[in-house]
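Chemist: Structure file query.tsv (TSV, C-alpha atoms and all ligand atoms) is given on the next line.
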chain	number	residue	atom	x	y	z
A	1	MET	CA	-15.33	-65.69	31.30
A	2	SER	CA	-18.41	-63.62	31.96
A	3	HIS	CA	-20.84	-65.88	30.03
A	4	ILE	CA	-23.07	-62.91	29.31
A	5	THR	CA	-25.99	-63.55	26.97
A	6	ALA	CA	-26.65	-61.29	23.98
A	7	GLY	CA	-29.66	-59.68	25.62
A	8	ASN	CA	-27.91	-59.03	28.92
A	9	LYS	CA	-24.68	-57.33	27.98
A	10	LYS	CA	-22.76	-55.35	30.55
A	11	LYS	CA	-19.90	-53.19	29.30
A	12	ILE	CA	-16.56	-54.30	30.69
A	13	THR	CA	-14.29	-51.44	31.77
A	14	ALA	CA	-10.57	-51.17	32.54
A	15	PRO	CA	-11.22	-50.82	36.32
A	16	ALA	CA	-13.40	-53.97	36.12
A	17	ILE	CA	-10.52	-55.88	34.53
A	18	LYS	CA	-8.14	-54.58	37.21
A	19	ALA	CA	-10.57	-55.76	39.90
A	20	ARG	CA	-10.62	-59.28	38.45
A	21	LYS	CA	-7.21	-60.08	39.96
A	22	GLY	CA	-7.63	-63.13	42.15
A	23	VAL	CA	-11.34	-63.40	41.29
A	24	ALA	CA	-11.66	-65.23	37.97
A	25	PRO	CA	-9.34	-65.76	34.99
A	26	ILE	CA	-9.50	-63.02	32.33
A	27	VAL	CA	-10.22	-64.41	28.87
A	28	ALA	CA	-8.79	-62.33	26.06
A	29	LEU	CA	-8.23	-62.59	22.31
A	30	THR	CA	-7.17	-60.37	19.44
A	31	ALA	CA	-9.57	-59.30	16.71
A	32	TYR	CA	-8.91	-57.24	13.60
A	33	ASP	CA	-12.27	-56.68	11.90
A	34	TYR	CA	-16.06	-56.62	12.38
A	35	PRO	CA	-16.81	-60.35	11.96
A	36	SER	CA	-14.02	-61.57	14.24
A	37	ALA	CA	-14.92	-58.92	16.85
A	38	ARG	CA	-18.60	-59.92	16.82
A	39	LEU	CA	-17.79	-63.61	17.21
A	40	VAL	CA	-15.36	-63.01	20.07
A	41	ASP	CA	-17.68	-60.60	21.89
A	42	GLU	CA	-20.71	-62.85	21.47
A	43	ALA	CA	-18.65	-65.75	22.86
A	44	GLY	CA	-18.38	-63.70	26.08
A	45	PHE	CA	-14.66	-62.82	26.07
A	46	ASP	CA	-13.61	-60.17	28.57
A	47	VAL	CA	-10.97	-58.34	26.53
A	48	ILE	CA	-10.52	-57.87	22.78
A	49	LEU	CA	-7.13	-56.54	21.74
A	50	VAL	CA	-6.82	-54.94	18.33
A	51	GLY	CA	-3.28	-56.28	18.22
A	52	ASP	CA	-0.55	-54.92	16.00
A	53	SER	CA	-0.06	-58.62	15.16
A	54	LEU	CA	-2.52	-57.52	12.44
A	55	ALA	CA	0.65	-56.59	10.52
A	56	GLN	CA	1.48	-60.30	10.24
A	57	THR	CA	-1.89	-62.05	10.51
A	58	VAL	CA	-3.87	-59.79	8.16
A	59	LEU	CA	-1.42	-57.63	6.20
A	60	GLY	CA	1.16	-60.37	5.54
A	61	TYR	CA	4.28	-58.62	6.89
A	62	ASP	CA	7.06	-60.65	8.57
A	63	THR	CA	7.07	-58.46	11.69
A	64	THR	CA	4.75	-55.96	13.40
A	65	LEU	CA	7.08	-53.04	12.66
A	66	PRO	CA	5.57	-51.68	9.42
A	67	VAL	CA	1.93	-51.24	10.55
A	68	THR	CA	0.89	-47.59	10.99
A	69	LEU	CA	-1.33	-45.83	13.52
A	70	GLU	CA	-3.82	-45.09	10.74
A	71	GLU	CA	-4.04	-48.80	9.79
A	72	MET	CA	-4.52	-49.75	13.45
A	73	ILE	CA	-7.24	-47.12	13.88
A	74	ALA	CA	-9.08	-48.34	10.76
A	75	ALA	CA	-9.09	-51.89	12.16
A	76	ALA	CA	-10.10	-50.71	15.65
A	77	ARG	CA	-13.08	-48.79	14.23
A	78	ALA	CA	-14.37	-52.00	12.62
A	79	VAL	CA	-13.77	-53.97	15.82
A	80	ARG	CA	-15.54	-51.32	17.90
A	81	ARG	CA	-18.65	-51.65	15.71
A	82	GLY	CA	-18.74	-55.39	16.40
A	83	VAL	CA	-18.39	-55.23	20.21
A	84	LYS	CA	-21.07	-54.59	22.83
A	85	SER	CA	-19.50	-55.92	26.00
A	86	ALA	CA	-15.78	-56.73	25.91
A	87	LEU	CA	-13.10	-54.21	26.80
A	88	VAL	CA	-11.60	-53.05	23.48
A	89	VAL	CA	-7.86	-52.35	23.73
A	90	GLY	CA	-6.06	-50.62	20.86
A	91	ASP	CA	-2.44	-51.64	20.38
A	92	MET	CA	-0.12	-48.68	19.81
A	93	PRO	CA	2.05	-49.56	16.80
A	94	PHE	CA	5.83	-49.28	16.59
A	95	GLY	CA	6.94	-45.66	16.29
A	96	SER	CA	3.72	-44.11	17.60
A	97	TYR	CA	4.98	-43.73	21.19
A	98	HIS	CA	8.70	-44.42	21.22
A	99	ASP	CA	10.29	-41.01	20.96
A	100	ARG	CA	8.42	-38.50	23.15
A	101	ALA	CA	5.73	-38.73	25.81
A	102	ASP	CA	3.76	-35.78	24.38
A	103	ARG	CA	3.60	-37.44	20.97
A	104	ALA	CA	2.58	-40.74	22.60
A	105	VAL	CA	-0.27	-38.96	24.39
A	106	ARG	CA	-1.41	-37.31	21.16
A	107	ALA	CA	-1.38	-40.69	19.36
A	108	ALA	CA	-3.35	-42.33	22.21
A	109	ILE	CA	-5.93	-39.51	22.20
A	110	LYS	CA	-6.28	-39.83	18.41
A	111	TYR	CA	-6.87	-43.59	18.87
A	112	VAL	CA	-9.59	-43.03	21.49
A	113	LYS	CA	-11.32	-40.26	19.54
A	114	ALA	CA	-11.25	-42.03	16.16
A	115	ALA	CA	-11.93	-45.63	17.21
A	116	GLU	CA	-13.50	-45.23	20.67
A	117	VAL	CA	-11.19	-47.88	22.15
A	118	ASP	CA	-11.53	-48.33	25.92
A	119	ALA	CA	-7.78	-48.51	26.57
A	120	ILE	CA	-4.49	-48.68	24.71
A	121	LYS	CA	-1.51	-51.06	24.98
A	122	VAL	CA	2.18	-50.22	24.81
A	123	GLU	CA	5.16	-52.57	24.78
A	124	GLY	CA	8.09	-52.16	27.16
A	125	GLY	CA	8.91	-52.04	30.87
A	126	ALA	CA	10.88	-49.56	32.95
A	127	ASN	CA	11.95	-47.73	29.79
A	128	ARG	CA	8.28	-46.83	29.06
A	129	VAL	CA	7.41	-45.46	32.51
A	130	PRO	CA	7.29	-41.76	31.47
A	131	ILE	CA	5.07	-42.65	28.49
A	132	ILE	CA	2.68	-44.81	30.53
A	133	LYS	CA	2.42	-42.09	33.21
A	134	ALA	CA	1.70	-39.41	30.59
A	135	ILE	CA	-1.03	-41.44	28.85
A	136	VAL	CA	-2.64	-42.39	32.17
A	137	ALA	CA	-2.53	-38.71	33.17
A	138	ALA	CA	-4.45	-37.98	29.96
A	139	GLU	CA	-7.25	-40.23	31.36
A	140	ILE	CA	-6.57	-43.19	29.03
A	141	PRO	CA	-6.16	-46.62	30.67
A	142	VAL	CA	-2.92	-48.35	29.67
A	143	MET	CA	-2.26	-52.07	29.34
A	144	ALA	CA	1.48	-52.76	29.46
A	145	HIS	CA	3.29	-55.61	27.67
A	146	ILE	CA	6.66	-57.06	28.73
A	147	GLY	CA	8.82	-60.09	27.98
A	148	LEU	CA	8.94	-61.12	24.33
A	149	THR	CA	7.78	-57.79	22.94
A	150	PRO	CA	7.49	-58.26	19.16
A	151	GLN	CA	8.25	-54.57	18.48
A	152	SER	CA	11.74	-55.24	19.94
A	153	VAL	CA	12.50	-57.92	17.34
A	154	LEU	CA	15.49	-56.03	15.92
A	155	ARG	CA	17.08	-55.52	19.35
A	156	MET	CA	16.32	-59.12	20.44
A	157	GLY	CA	17.65	-60.54	17.15
A	158	GLY	CA	14.46	-62.54	16.56
A	159	PHE	CA	11.32	-63.63	18.40
A	160	LYS	CA	13.09	-65.18	21.40
A	161	VAL	CA	11.81	-66.35	24.78
A	162	GLN	CA	12.88	-63.78	27.41
A	163	GLY	CA	13.77	-64.04	31.11
A	164	LYS	CA	15.60	-67.37	30.88
A	165	SER	CA	18.53	-66.44	33.16
A	166	MET	CA	18.09	-65.32	36.77
A	167	ASP	CA	19.43	-61.84	35.89
A	168	ALA	CA	16.99	-61.54	33.00
A	169	ALA	CA	14.14	-62.80	35.23
A	170	ARG	CA	14.99	-60.17	37.90
A	171	GLU	CA	14.94	-57.49	35.20
A	172	LEU	CA	11.52	-58.72	34.04
A	173	LEU	CA	10.14	-58.48	37.57
A	174	GLU	CA	11.56	-54.93	37.79
A	175	ASP	CA	9.82	-54.10	34.50
A	176	ALA	CA	6.53	-55.54	35.78
A	177	LEU	CA	6.73	-53.55	39.03
A	178	ALA	CA	7.69	-50.39	37.11
A	179	VAL	CA	4.67	-50.52	34.76
A	180	GLU	CA	2.38	-51.24	37.72
A	181	ARG	CA	3.76	-48.21	39.61
A	182	ALA	CA	3.41	-46.11	36.45
A	183	GLY	CA	-0.34	-46.77	36.48
A	184	ALA	CA	-0.95	-49.63	34.03
A	185	PHE	CA	-4.22	-51.45	34.84
A	186	ALA	CA	-2.94	-54.82	33.53
A	187	VAL	CA	0.17	-56.24	31.92
A	188	VAL	CA	0.64	-58.77	29.14
A	189	LEU	CA	3.44	-61.25	29.83
A	190	GLU	CA	4.65	-62.77	26.57
A	191	GLY	CA	7.16	-65.54	25.87
A	192	ILE	CA	8.69	-66.08	29.32
A	193	PRO	CA	9.23	-69.20	31.46
A	194	ALA	CA	6.09	-70.32	33.29
A	195	GLU	CA	7.96	-70.13	36.62
A	196	ILE	CA	8.70	-66.42	36.08
A	197	GLY	CA	5.10	-65.82	34.95
A	198	ARG	CA	3.95	-67.25	38.28
A	199	VAL	CA	6.37	-65.18	40.38
A	200	ILE	CA	5.42	-61.92	38.60
A	201	THR	CA	1.71	-62.73	38.92
A	202	GLU	CA	2.08	-63.36	42.66
A	203	ARG	CA	4.09	-60.17	43.16
A	204	LEU	CA	1.85	-57.72	41.24
A	205	THR	CA	-1.45	-56.22	42.37
A	206	ILE	CA	-2.61	-55.70	38.76
A	207	PRO	CA	-3.65	-58.68	36.60
A	208	THR	CA	-1.14	-60.40	34.36
A	209	ILE	CA	-2.45	-61.67	31.01
A	210	GLY	CA	-0.21	-64.38	29.63
A	211	ILE	CA	0.69	-65.48	26.13
A	212	GLY	CA	3.38	-68.11	26.41
A	213	ALA	CA	3.86	-67.24	30.11
A	214	GLY	CA	2.45	-70.37	31.72
A	215	PRO	CA	-0.84	-71.30	33.41
A	216	ASP	CA	-0.57	-69.15	36.56
A	217	CYS	CA	-1.20	-65.75	35.00
A	218	ASP	CA	-4.44	-63.94	35.92
A	219	GLY	CA	-5.66	-64.33	32.35
A	220	GLN	CA	-4.70	-65.69	28.96
A	221	ILE	CA	-4.66	-64.13	25.52
A	222	LEU	CA	-4.08	-65.67	22.09
A	223	VAL	CA	-4.08	-64.35	18.55
A	224	PHE	CA	-7.45	-64.89	16.82
A	225	THR	CA	-6.04	-66.47	13.66
A	226	ASP	CA	-3.82	-68.82	15.71
A	227	LEU	CA	-6.73	-70.03	17.85
A	228	VAL	CA	-9.03	-70.76	14.89
A	229	GLY	CA	-6.30	-72.20	12.62
A	230	LEU	CA	-6.14	-69.36	10.09
A	231	SER	CA	-2.47	-68.41	10.50
A	232	PHE	CA	0.29	-69.08	8.00
A	233	GLY	CA	3.95	-69.68	8.82
A	234	HIS	CA	5.67	-70.61	12.06
A	235	LYS	CA	3.39	-71.81	14.87
A	236	ALA	CA	4.64	-70.72	18.30
A	237	LYS	CA	4.88	-73.33	21.10
A	238	PHE	CA	2.21	-71.51	23.15
A	239	VAL	CA	-0.46	-71.76	20.43
A	240	ARG	CA	-3.32	-74.22	20.74
A	241	GLU	CA	-5.47	-74.47	17.60
A	242	TYR	CA	-9.12	-75.04	18.49
A	243	ALA	CA	-10.26	-75.29	14.86
A	244	ASP	CA	-8.89	-75.70	11.34
A	245	VAL	CA	-10.61	-72.79	9.65
A	246	LYS	CA	-8.01	-72.72	6.85
A	247	MET	CA	-9.16	-76.20	5.82
A	248	VAL	CA	-12.86	-75.26	6.09
A	249	ILE	CA	-12.29	-72.21	3.83
A	250	ALA	CA	-10.15	-74.14	1.33
A	251	GLY	CA	-12.88	-76.81	1.08
A	252	ALA	CA	-15.61	-74.21	0.51
A	253	LEU	CA	-13.55	-72.44	-2.16
A	254	SER	CA	-12.87	-75.59	-4.15
A	255	ARG	CA	-16.50	-76.75	-3.96
A	256	PHE	CA	-17.68	-73.35	-5.29
A	257	ALA	CA	-15.11	-73.43	-8.11
A	258	GLU	CA	-16.18	-76.98	-9.09
A	259	ASP	CA	-19.88	-76.01	-9.03
A	260	VAL	CA	-19.31	-72.99	-11.27
A	261	ALA	CA	-17.20	-75.02	-13.70
A	262	ALA	CA	-19.92	-77.72	-13.85
A	263	ARG	CA	-22.78	-75.12	-14.08
A	264	ARG	CA	-24.22	-76.39	-10.80
A	265	PHE	CA	-24.10	-72.86	-9.36
A	266	PRO	CA	-26.32	-70.90	-9.19
A	267	GLY	CA	-29.32	-73.22	-8.88
A	268	PRO	CA	-32.99	-72.19	-9.06
A	269	GLN	CA	-33.00	-71.32	-5.35
A	270	GLU	CA	-30.10	-68.87	-5.79
A	271	SER	CA	-31.68	-67.20	-8.85
A	272	TYR	CA	-34.40	-64.54	-9.13
A	273	HIS	CA	-37.49	-65.41	-11.22
A	274	LEU	CA	-40.30	-63.51	-12.95
A	275	PRO	CA	-43.62	-63.50	-11.03
A	276	THR	CA	-45.61	-66.72	-11.58
A	277	GLY	CA	-47.80	-66.50	-14.67
A	278	THR	CA	-45.67	-63.89	-16.47
A	279	VAL	CA	-45.27	-64.86	-20.10
A	280	LEU	CA	-41.78	-64.23	-21.31
A	281	GLU	CA	-42.08	-62.16	-24.45
A	282	PRO	CA	-39.29	-61.17	-26.79
A	283	LEU	CA	-37.43	-58.33	-25.05
A	284	GLU	CA	-36.15	-56.72	-28.25
A	285	GLU	CA	-37.77	-55.54	-31.53
A	286	GLU	CA	-37.02	-57.75	-34.50
A	287	PRO	CA	-33.78	-56.34	-35.94
A	288	PRO	CA	-34.52	-54.23	-39.09
A	289	SER	CA	-34.03	-56.30	-42.24
A	290	MET	CA	-31.09	-55.28	-44.43
A	291	PRO	CA	-32.01	-53.49	-47.70
A	292	PRO	CA	-31.18	-55.67	-50.73
A	293	LEU	CA	-27.66	-55.12	-51.93
A	294	GLY	CA	-27.33	-53.36	-55.33
A	295	PRO	CA	-24.93	-54.52	-57.98
A	296	ILE	CA	-21.34	-54.51	-56.87
A	297	ASN	CA	-19.09	-52.66	-59.28
B	301	LIG	O1	-0.41	-57.75	18.87
B	301	LIG	C1	-0.77	-58.74	19.54
B	301	LIG	O2	-1.47	-59.63	19.05
B	301	LIG	C2	-0.33	-58.81	20.92
B	301	LIG	C3	-0.69	-60.05	21.68
B	301	LIG	C4	0.23	-61.12	21.28
B	301	LIG	C5	-0.67	-59.82	23.13
B	301	LIG	O3	0.32	-57.94	21.39
Any chance you could give the structure as structure tokens?
Ligand code: KIV
Modeler:
Amino acid sequence: MSHITAGNKKKITAPAIKARKGVAPIVALTAYDYPSARLVDEAGFDVILVGDSLAQTVLGYDTTLPVTLEEMIAAARAVRRGVKSALVVGDMPFGSYHDRADRAVRAAIKYVKAAEVDAIKVEGGANRVPIIKAIVAAEIPVMAHIGLTPQSVLRMGGFKVQGKSMDAARELLEDALAVERAGAFAVVLEGIPAEIGRVITERLTIPTIGIGAGPDCDGQILVFTDLVGLSFGHKAKFVREYADVKMVIAGALSRFAEDVAARRFPGPQESYHLPTGTVLEPLEEEPPSMPPLGPIN
């Protein structure tokens, strides 16, 4: 990690991340909004990925498939505003780059123009080579992502560890070499045996950033809500929770609710007051008195 102080921020670029191979581990995390981006950037992380995991962690979907380019761009704009130093990578959502290279380039350009991300990420290996080449040719740095690619959940039949047989491991290495040759500046390795993560890392000249790919990758990335303990549902084997933010929030919510119910909130210090010495006078005229009622017939 760069350990840069708030007053001494240096912008991290895609070439700088590429040059980190063999120098120092790359520390990366996802972020989806302004507060999480600020916290991650101020902690000195190198890379912030606006991950399409937002579909699950923030929007509550079961998979990443439904999230749209517009939703990703809205999140990336908020992240961008919170980041001074880290490299901001915008994840290209499912369907935004899968059919044609020209459409993929247009989507990537829209991402960069609207959210000012520093790079974009696409999932897939050898099958994405034309798309990676086209986006790189449009001057946009590309981070690749192979192994357990969540956008392939329908083809894989679930979120399953990849590269477990020797044939599958050879195919993974081919994918890694293909995205490197296509011009990717780094590659995420997700959900693969640690031994294969090590071999791919040794073989490539670009950095590997692992998530469930063992300790030998050139960097590590986790999902923000997993790291801080704010995720719901299944916890993957590769997750280490460094805090229990869900419990902290639940405690705060119930204390507030109890205080309101018991009229302990707001107190004098959370209330505005008239200037000292102001005499509180009646704020309304006396209501007009009713005329006497006449005889009722
Ligand atoms: O969307 C995401 O959060 C990701 C990381 C798991 C790498 O792609």
Chemist: Find the distance between CA of Glu281 in chain A and CA of Phe265 in chain A and write it in Å to one decimal.
Modeler: 25.8 Å
Chemist: So that I can check the surroundings of Gly229 in chain A, please list as JSON, numbers by chain every protein, DNA and RNA residue that reaches within 9 Å of it, counting all atoms listed in the file and ignoring chain neighbours fewer than 4 positions away.
Modeler: {"A": [224, 225, 240, 241, 242, 243, 244, 245, 246, 247]}
Chemist: Here's a test: counting only C-alpha atoms, identify every protein, DNA and RNA residue with an atom at most 12 Å from (1.2, -37.3, 25.7) in the file's coordinate frame, and state them as a VMD selection string.
Modeler: chain A and resid 96 to 110 130 to 140
Chemist: Could you list, as a PyMOL selection string, all the residues within 10 Å of ligand LIG 301 (chain B), counting only C-alpha atoms and all ligand atoms?
Modeler: chain A and resi 28-32+48-57+64+90-93+121-123+144-146+148-151+187-191+209-212+220-225
Chemist: What does the structure give for the distance between CA of Ala86 in chain A and CA of Val47 in chain A, in Å to one decimal?
Modeler: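 Distance between the two atoms: 5.1 Å.
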Chemist: To one decimal in Å, tell me the separation between CA of Thr201 in chain A and CA of Pro25 in chain A.
Modeler: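 Calculated distance between CA of Thr201 in chain A and CA of Pro25 in chain A is 12.1 Å.
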Chemist: Could you check which of A:Ile120, A:Cys217, A:Ala178, A:Ala43 is closest to Ala24 in chain A, using all atoms listed in the file?
Modeler: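 Residue with the minimum atom-to-atom distance to Ala24 in chain A: A:Cys217.
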Chemist: Find the residue from A:Ala184, A:Val83, A:Val161, A:Leu59 that sits nearest to Thr205 in chain A; use all atoms listed in the file when measuring.
Modeler: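 Counting all atoms listed in the file, the residue closest to Thr205 in chain A is A:Ala184.
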Chemist: Excluding Arg198 in chain A and any residue of its chain fewer than 2 positions from it, enumerate the residues within 9 Å of it, using all atoms listed in the file, and give them as a list in words.
Modeler: Pro193, Ala194, Glu195, Ile196, Ile200, Thr201, Glu202, Arg203, Ala213, Gly214, Pro215, Asp216 and Cys217 of chain A
Chemist: Identify which of the residues A:Ala176, A:Val199, A:Ile73, A:Ala78 lies closest to Arg128 in chain A, counting all atoms listed in the file when measuring atom-to-atom distances.
Modeler: A:Ala176
Chemist: Could you work out an axis-aligned box for range 256-259 of chain A, taking every atom the file lists and adding 6 Å on each side, and report centre and edge lengths in Å to one decimal, as AutoDock Vina command-line options?
Modeler:
--center_x -17.5 --center_y -75.2 --center_z -7.2 --size_x 16.8 --size_y 15.6 --size_z 15.8
Chemist: With only C-alpha atoms as the basis for distance, which of A:Asp259, A:Glu171, A:Asp118, A:Asp218 is at the shortest distance from Lys11 in chain A?
Modeler: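 Looking only at the distances to Lys11 in chain A, the closest residue turns out to be A:Asp118.
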Chemist: Could you name the residues that touch Val27 in chain A at 6 Å or less, counting only C-alpha atoms, but leaving out those on the same chain fewer than 4 positions away, as JSON, numbers by chain?
Modeler: {"A": [1, 45, 46, 219, 220]}
Chemist: Would you mind telling me which residue in A:Ser271, A:Ser289, A:Ser85, A:Thr68 lies nearest to Ala37 in chain A when using all atoms listed in the file?
Modeler: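 Using all atoms listed in the file, Ala37 in chain A sits closest to A:Ser85.
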Chemist: Determine the nearest neighbour of Glu180 in chain A from the options A:Leu280, A:Ala262, A:Lys18, A:Ala115, counting only C-alpha atoms.
Modeler: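 Distance minimum relative to Glu180 in chain A lands on A:Lys18.
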Chemist: Generate the missing atoms of range 246-274 of chain A up to N, CA and C atoms and report them as a PDB file, keeping the file's coordinate frame.
Modeler:
ATOM      1  N   LYS A 246      -8.661 -72.760   8.168  1.00  0.00           N
ATOM      2  CA  LYS A 246      -8.010 -72.720   6.850  1.00  0.00           C
ATOM      3  C   LYS A 246      -8.542 -73.856   5.985  1.00  0.00           C
ATOM      4  N   MET A 247      -8.683 -75.046   6.583  1.00  0.00           N
ATOM      5  CA  MET A 247      -9.160 -76.200   5.820  1.00  0.00           C
ATOM      6  C   MET A 247     -10.637 -76.017   5.445  1.00  0.00           C
ATOM      7  N   VAL A 248     -11.430 -75.489   6.371  1.00  0.00           N
ATOM      8  CA  VAL A 248     -12.860 -75.260   6.090  1.00  0.00           C
ATOM      9  C   VAL A 248     -12.991 -74.301   4.904  1.00  0.00           C
ATOM     10  N   ILE A 249     -12.201 -73.208   4.911  1.00  0.00           N
ATOM     11  CA  ILE A 249     -12.290 -72.210   3.830  1.00  0.00           C
ATOM     12  C   ILE A 249     -11.811 -72.823   2.514  1.00  0.00           C
ATOM     13  N   ALA A 250     -10.684 -73.541   2.563  1.00  0.00           N
ATOM     14  CA  ALA A 250     -10.150 -74.140   1.330  1.00  0.00           C
ATOM     15  C   ALA A 250     -11.180 -75.092   0.728  1.00  0.00           C
ATOM     16  N   GLY A 251     -11.860 -75.876   1.562  1.00  0.00           N
ATOM     17  CA  GLY A 251     -12.880 -76.810   1.080  1.00  0.00           C
ATOM     18  C   GLY A 251     -14.037 -76.067   0.425  1.00  0.00           C
ATOM     19  N   ALA A 252     -14.494 -74.996   1.061  1.00  0.00           N
ATOM     20  CA  ALA A 252     -15.610 -74.210   0.510  1.00  0.00           C
ATOM     21  C   ALA A 252     -15.214 -73.604  -0.824  1.00  0.00           C
ATOM     22  N   LEU A 253     -13.985 -73.084  -0.914  1.00  0.00           N
ATOM     23  CA  LEU A 253     -13.550 -72.440  -2.160  1.00  0.00           C
ATOM     24  C   LEU A 253     -13.507 -73.455  -3.297  1.00  0.00           C
ATOM     25  N   SER A 254     -12.983 -74.643  -3.031  1.00  0.00           N
ATOM     26  CA  SER A 254     -12.870 -75.590  -4.150  1.00  0.00           C
ATOM     27  C   SER A 254     -14.241 -76.138  -4.540  1.00  0.00           C
ATOM     28  N   ARG A 255     -15.169 -76.277  -3.585  1.00  0.00           N
ATOM     29  CA  ARG A 255     -16.500 -76.750  -3.960  1.00  0.00           C
ATOM     30  C   ARG A 255     -17.233 -75.715  -4.827  1.00  0.00           C
ATOM     31  N   PHE A 256     -17.063 -74.427  -4.474  1.00  0.00           N
ATOM     32  CA  PHE A 256     -17.680 -73.350  -5.290  1.00  0.00           C
ATOM     33  C   PHE A 256     -17.087 -73.372  -6.706  1.00  0.00           C
ATOM     34  N   ALA A 257     -15.756 -73.449  -6.789  1.00  0.00           N
ATOM     35  CA  ALA A 257     -15.110 -73.430  -8.110  1.00  0.00           C
ATOM     36  C   ALA A 257     -15.591 -74.613  -8.954  1.00  0.00           C
ATOM     37  N   GLU A 258     -15.717 -75.789  -8.345  1.00  0.00           N
ATOM     38  CA  GLU A 258     -16.180 -76.980  -9.090  1.00  0.00           C
ATOM     39  C   GLU A 258     -17.630 -76.780  -9.549  1.00  0.00           C
ATOM     40  N   ASP A 259     -18.468 -76.214  -8.675  1.00  0.00           N
ATOM     41  CA  ASP A 259     -19.880 -76.010  -9.030  1.00  0.00           C
ATOM     42  C   ASP A 259     -20.036 -75.032 -10.179  1.00  0.00           C
ATOM     43  N   VAL A 260     -19.226 -73.955 -10.165  1.00  0.00           N
ATOM     44  CA  VAL A 260     -19.310 -72.990 -11.270  1.00  0.00           C
ATOM     45  C   VAL A 260     -18.854 -73.653 -12.560  1.00  0.00           C
ATOM     46  N   ALA A 261     -17.737 -74.380 -12.491  1.00  0.00           N
ATOM     47  CA  ALA A 261     -17.200 -75.020 -13.700  1.00  0.00           C
ATOM     48  C   ALA A 261     -18.210 -76.019 -14.268  1.00  0.00           C
ATOM     49  N   ALA A 262     -18.960 -76.698 -13.403  1.00  0.00           N
ATOM     50  CA  ALA A 262     -19.920 -77.720 -13.850  1.00  0.00           C
ATOM     51  C   ALA A 262     -21.324 -77.150 -14.043  1.00  0.00           C
ATOM     52  N   ARG A 263     -21.474 -75.814 -13.961  1.00  0.00           N
ATOM     53  CA  ARG A 263     -22.780 -75.120 -14.080  1.00  0.00           C
ATOM     54  C   ARG A 263     -23.792 -75.629 -13.056  1.00  0.00           C
ATOM     55  N   ARG A 264     -23.310 -76.030 -11.894  1.00  0.00           N
ATOM     56  CA  ARG A 264     -24.220 -76.390 -10.800  1.00  0.00           C
ATOM     57  C   ARG A 264     -24.558 -75.198  -9.921  1.00  0.00           C
ATOM     58  N   PHE A 265     -23.840 -74.084 -10.125  1.00  0.00           N
ATOM     59  CA  PHE A 265     -24.100 -72.860  -9.360  1.00  0.00           C
ATOM     60  C   PHE A 265     -24.276 -71.714 -10.346  1.00  0.00           C
ATOM     61  N   PRO A 266     -25.255 -70.845 -10.197  1.00  0.00           N
ATOM     62  CA  PRO A 266     -26.320 -70.900  -9.190  1.00  0.00           C
ATOM     63  C   PRO A 266     -27.428 -71.856  -9.600  1.00  0.00           C
ATOM     64  N   GLY A 267     -28.158 -72.378  -8.615  1.00  0.00           N
ATOM     65  CA  GLY A 267     -29.320 -73.220  -8.880  1.00  0.00           C
ATOM     66  C   GLY A 267     -30.571 -72.355  -8.864  1.00  0.00           C
ATOM     67  N   PRO A 268     -31.747 -72.976  -9.057  1.00  0.00           N
ATOM     68  CA  PRO A 268     -32.990 -72.190  -9.060  1.00  0.00           C
ATOM     69  C   PRO A 268     -33.187 -71.416  -7.760  1.00  0.00           C
ATOM     70  N   GLN A 269     -32.769 -71.997  -6.635  1.00  0.00           N
ATOM     71  CA  GLN A 269     -33.000 -71.320  -5.350  1.00  0.00           C
ATOM     72  C   GLN A 269     -32.071 -70.131  -5.139  1.00  0.00           C
ATOM     73  N   GLU A 270     -30.986 -70.035  -5.906  1.00  0.00           N
ATOM     74  CA  GLU A 270     -30.100 -68.870  -5.790  1.00  0.00           C
ATOM     75  C   GLU A 270     -30.330 -67.886  -6.928  1.00  0.00           C
ATOM     76  N   SER A 271     -31.401 -68.082  -7.707  1.00  0.00           N
ATOM     77  CA  SER A 271     -31.680 -67.200  -8.850  1.00  0.00           C
ATOM     78  C   SER A 271     -33.003 -66.483  -8.618  1.00  0.00           C
ATOM     79  N   TYR A 272     -33.132 -65.282  -9.177  1.00  0.00           N
ATOM     80  CA  TYR A 272     -34.400 -64.540  -9.130  1.00  0.00           C
ATOM     81  C   TYR A 272     -35.258 -65.003 -10.313  1.00  0.00           C
ATOM     82  N   HIS A 273     -36.590 -64.943 -10.150  1.00  0.00           N
ATOM     83  CA  HIS A 273     -37.490 -65.410 -11.220  1.00  0.00           C
ATOM     84  C   HIS A 273     -38.575 -64.378 -11.449  1.00  0.00           C
ATOM     85  N   LEU A 274     -39.145 -64.368 -12.653  1.00  0.00           N
ATOM     86  CA  LEU A 274     -40.300 -63.510 -12.950  1.00  0.00           C
ATOM     87  C   LEU A 274     -41.477 -63.983 -12.103  1.00  0.00           C
TER      88      LEU A 274
END
